[in-house]
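Trainee: Input: one structure, supplied below.
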Amino acid sequence: MSIRAMNRIKARAKGLEPMLRIGKNGLSDAMIKEIRSQLDKKVLIKIKLLKSYASGKSSRELALQISKRVDAVLVESVGNIIVLQKGKTIYKP
């Protein structure tokens, strides 16, 4: 994956609003199912990790755990916001 392609994907993600919020209930089976459903509808999704879920934990590690559980690619993790892309490889628009 070239740097240019990755920058295009990140630029597309900047305009997205967080579709899902993961809070005190954590990463339940219902939340996993909803994330997969949103990934099926859209190529890129943005998720906000609320402080009640991310407190005391590295948001990067949480983002990697989430991406593995939903079989998605972690595009970006900034603060408590993560961007996931459907599939195992980076989408090239």
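Naming scheme: A, B, ... for chains in displayed order of the structure tokens; residues 1 onward per chain; ligands 1 onward as shown.
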Near Ala54 of chain A, within 12 Å and counting only C-alpha atoms, which residues show up once chain neighbours fewer than 3 positions away are dropped, as a list in words?
Mentor: Arg21, Ile22, Gly23, Lys24, Asn25, Gly26, Leu27, Lys48, Leu49, Leu50, Lys51, Lys57, Ser58, Ser59, Arg60, Glu61, Leu62, Ala63, Gly79, Asn80, Ile81 and Ile82 of chain A
Trainee: So that I can see what lies close to Asp40 of chain A, please list as a PyMOL selection string the residues with an atom at most 12 Å from it, counting only C-alpha atoms and leaving out residues fewer than 6 positions away in the same chain.
Mentor: chain A and resi 33-34+70-72+84-87
Trainee: Next, dump the selected residues to file, keeping only C-alpha atoms, as an mmCIF file, in the first residue's frame.
Mentor:
```cif
data_model
loop_
_atom_site.group_PDB
_atom_site.id
_atom_site.type_symbol
_atom_site.label_atom_id
_atom_site.label_comp_id
_atom_site.auth_asym_id
_atom_site.auth_seq_id
_atom_site.Cartn_x
_atom_site.Cartn_y
_atom_site.Cartn_z
ATOM 1 C CA LYS A 33 -22.830 -7.694 15.129
ATOM 2 C CA GLU A 34 -23.710 -4.017 14.645
ATOM 3 C CA VAL A 70 -14.818 -7.886 13.427
ATOM 4 C CA ASP A 71 -12.301 -8.933 10.740
ATOM 5 C CA ALA A 72 -11.605 -5.386 9.616
ATOM 6 C CA LEU A 84 -12.223 0.691 10.420
ATOM 7 C CA GLN A 85 -12.331 -0.577 6.870
ATOM 8 C CA LYS A 86 -14.104 -3.687 5.692
ATOM 9 C CA GLY A 87 -11.943 -6.616 4.695
#
```
Trainee: Provide the atom CA of Arg36 of chain A to atom CA of Leu16 of chain A distance in Å, to one decimal place.
Mentor: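 Rounded to one decimal, the two atoms are 17.2 Å apart.
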Trainee: Please indicate the distance in Å from atom CA of Ile9 of chain A to atom CA of Val75 of chain A, rounded to one decimal place.
Mentor: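 Computing it gives 7.9 Å between the two atoms.
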Trainee: Check the DSSP output for the backbone and give back, as a PDB file with C-alpha atoms, in the first residue's frame, the residues of chain A in helix (DSSP H, G or I).
Mentor:
```pdb
ATOM      1  CA  ILE A   3       1.496   6.320   1.259  1.00  0.00           C
ATOM      2  CA  ARG A   4      -0.624   8.223  -1.252  1.00  0.00           C
ATOM      3  CA  ALA A   5      -3.381   5.580  -1.174  1.00  0.00           C
ATOM      4  CA  MET A   6      -3.369   5.492   2.618  1.00  0.00           C
ATOM      5  CA  ASN A   7      -3.615   9.285   2.758  1.00  0.00           C
ATOM      6  CA  ARG A   8      -6.641   9.192   0.408  1.00  0.00           C
ATOM      7  CA  ILE A   9      -8.382   6.710   2.698  1.00  0.00           C
ATOM      8  CA  LYS A  10      -7.612   8.806   5.778  1.00  0.00           C
ATOM      9  CA  ALA A  11      -8.908  11.908   3.988  1.00  0.00           C
ATOM     10  CA  ARG A  12     -12.186  10.119   3.230  1.00  0.00           C
ATOM     11  CA  ALA A  13     -12.449   9.109   6.882  1.00  0.00           C
ATOM     12  CA  LYS A  14     -12.015  12.713   8.112  1.00  0.00           C
ATOM     13  CA  ASP A  29     -21.814  -9.640  20.889  1.00  0.00           C
ATOM     14  CA  ALA A  30     -24.582  -7.240  19.846  1.00  0.00           C
ATOM     15  CA  MET A  31     -22.021  -4.464  19.305  1.00  0.00           C
ATOM     16  CA  ILE A  32     -19.810  -6.795  17.230  1.00  0.00           C
ATOM     17  CA  LYS A  33     -22.830  -7.694  15.129  1.00  0.00           C
ATOM     18  CA  GLU A  34     -23.710  -4.017  14.645  1.00  0.00           C
ATOM     19  CA  ILE A  35     -20.138  -3.117  13.636  1.00  0.00           C
ATOM     20  CA  ARG A  36     -20.132  -5.924  11.060  1.00  0.00           C
ATOM     21  CA  SER A  37     -23.520  -4.777   9.790  1.00  0.00           C
ATOM     22  CA  GLN A  38     -22.271  -1.205   9.352  1.00  0.00           C
ATOM     23  CA  LEU A  39     -19.122  -2.470   7.590  1.00  0.00           C
ATOM     24  CA  ASP A  40     -21.320  -4.425   5.171  1.00  0.00           C
ATOM     25  CA  LYS A  41     -23.253  -1.245   4.346  1.00  0.00           C
ATOM     26  CA  LYS A  51     -14.286   7.296  28.348  1.00  0.00           C
ATOM     27  CA  SER A  52     -16.312   4.765  30.351  1.00  0.00           C
ATOM     28  CA  TYR A  53     -14.980   2.042  28.033  1.00  0.00           C
ATOM     29  CA  ALA A  54     -11.494   3.330  27.325  1.00  0.00           C
ATOM     30  CA  SER A  59      -7.112   3.230  22.829  1.00  0.00           C
ATOM     31  CA  ARG A  60      -4.710   1.847  20.210  1.00  0.00           C
ATOM     32  CA  GLU A  61      -4.791  -1.614  21.824  1.00  0.00           C
ATOM     33  CA  LEU A  62      -8.593  -1.464  22.105  1.00  0.00           C
ATOM     34  CA  ALA A  63      -8.806  -0.473  18.441  1.00  0.00           C
ATOM     35  CA  LEU A  64      -6.640  -3.425  17.412  1.00  0.00           C
ATOM     36  CA  GLN A  65      -8.779  -5.807  19.493  1.00  0.00           C
ATOM     37  CA  ILE A  66     -11.961  -4.482  17.895  1.00  0.00           C
ATOM     38  CA  SER A  67     -10.555  -4.752  14.371  1.00  0.00           C
ATOM     39  CA  LYS A  68      -9.508  -8.356  14.957  1.00  0.00           C
ATOM     40  CA  ARG A  69     -12.908  -9.333  16.377  1.00  0.00           C
TER      41      ARG A  69
END
```
Trainee: Enter the distance from atom CA of Glu17 of chain A to atom CA of Leu74 of chain A, in Å, rounded to one decimal.
Mentor: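 Between atom CA of Glu17 of chain A and atom CA of Leu74 of chain A the gap is 16.4 Å.
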Trainee: I'd like to know which residues of segment 19-92 of chain A are strand (DSSP E or B) (by DSSP, run on the backbone); could you write them as a list in words?
Mentor: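 Here is the list: Leu20, Arg21, Ile22, Leu44, Ile45, Lys46, Ile47, Lys48, Leu49, Ala72, Val73, Leu74, Val75, Glu76, Ser77, Val78, Ile81, Ile82, Val83, Leu84, Gln85 and Lys86 of chain A.
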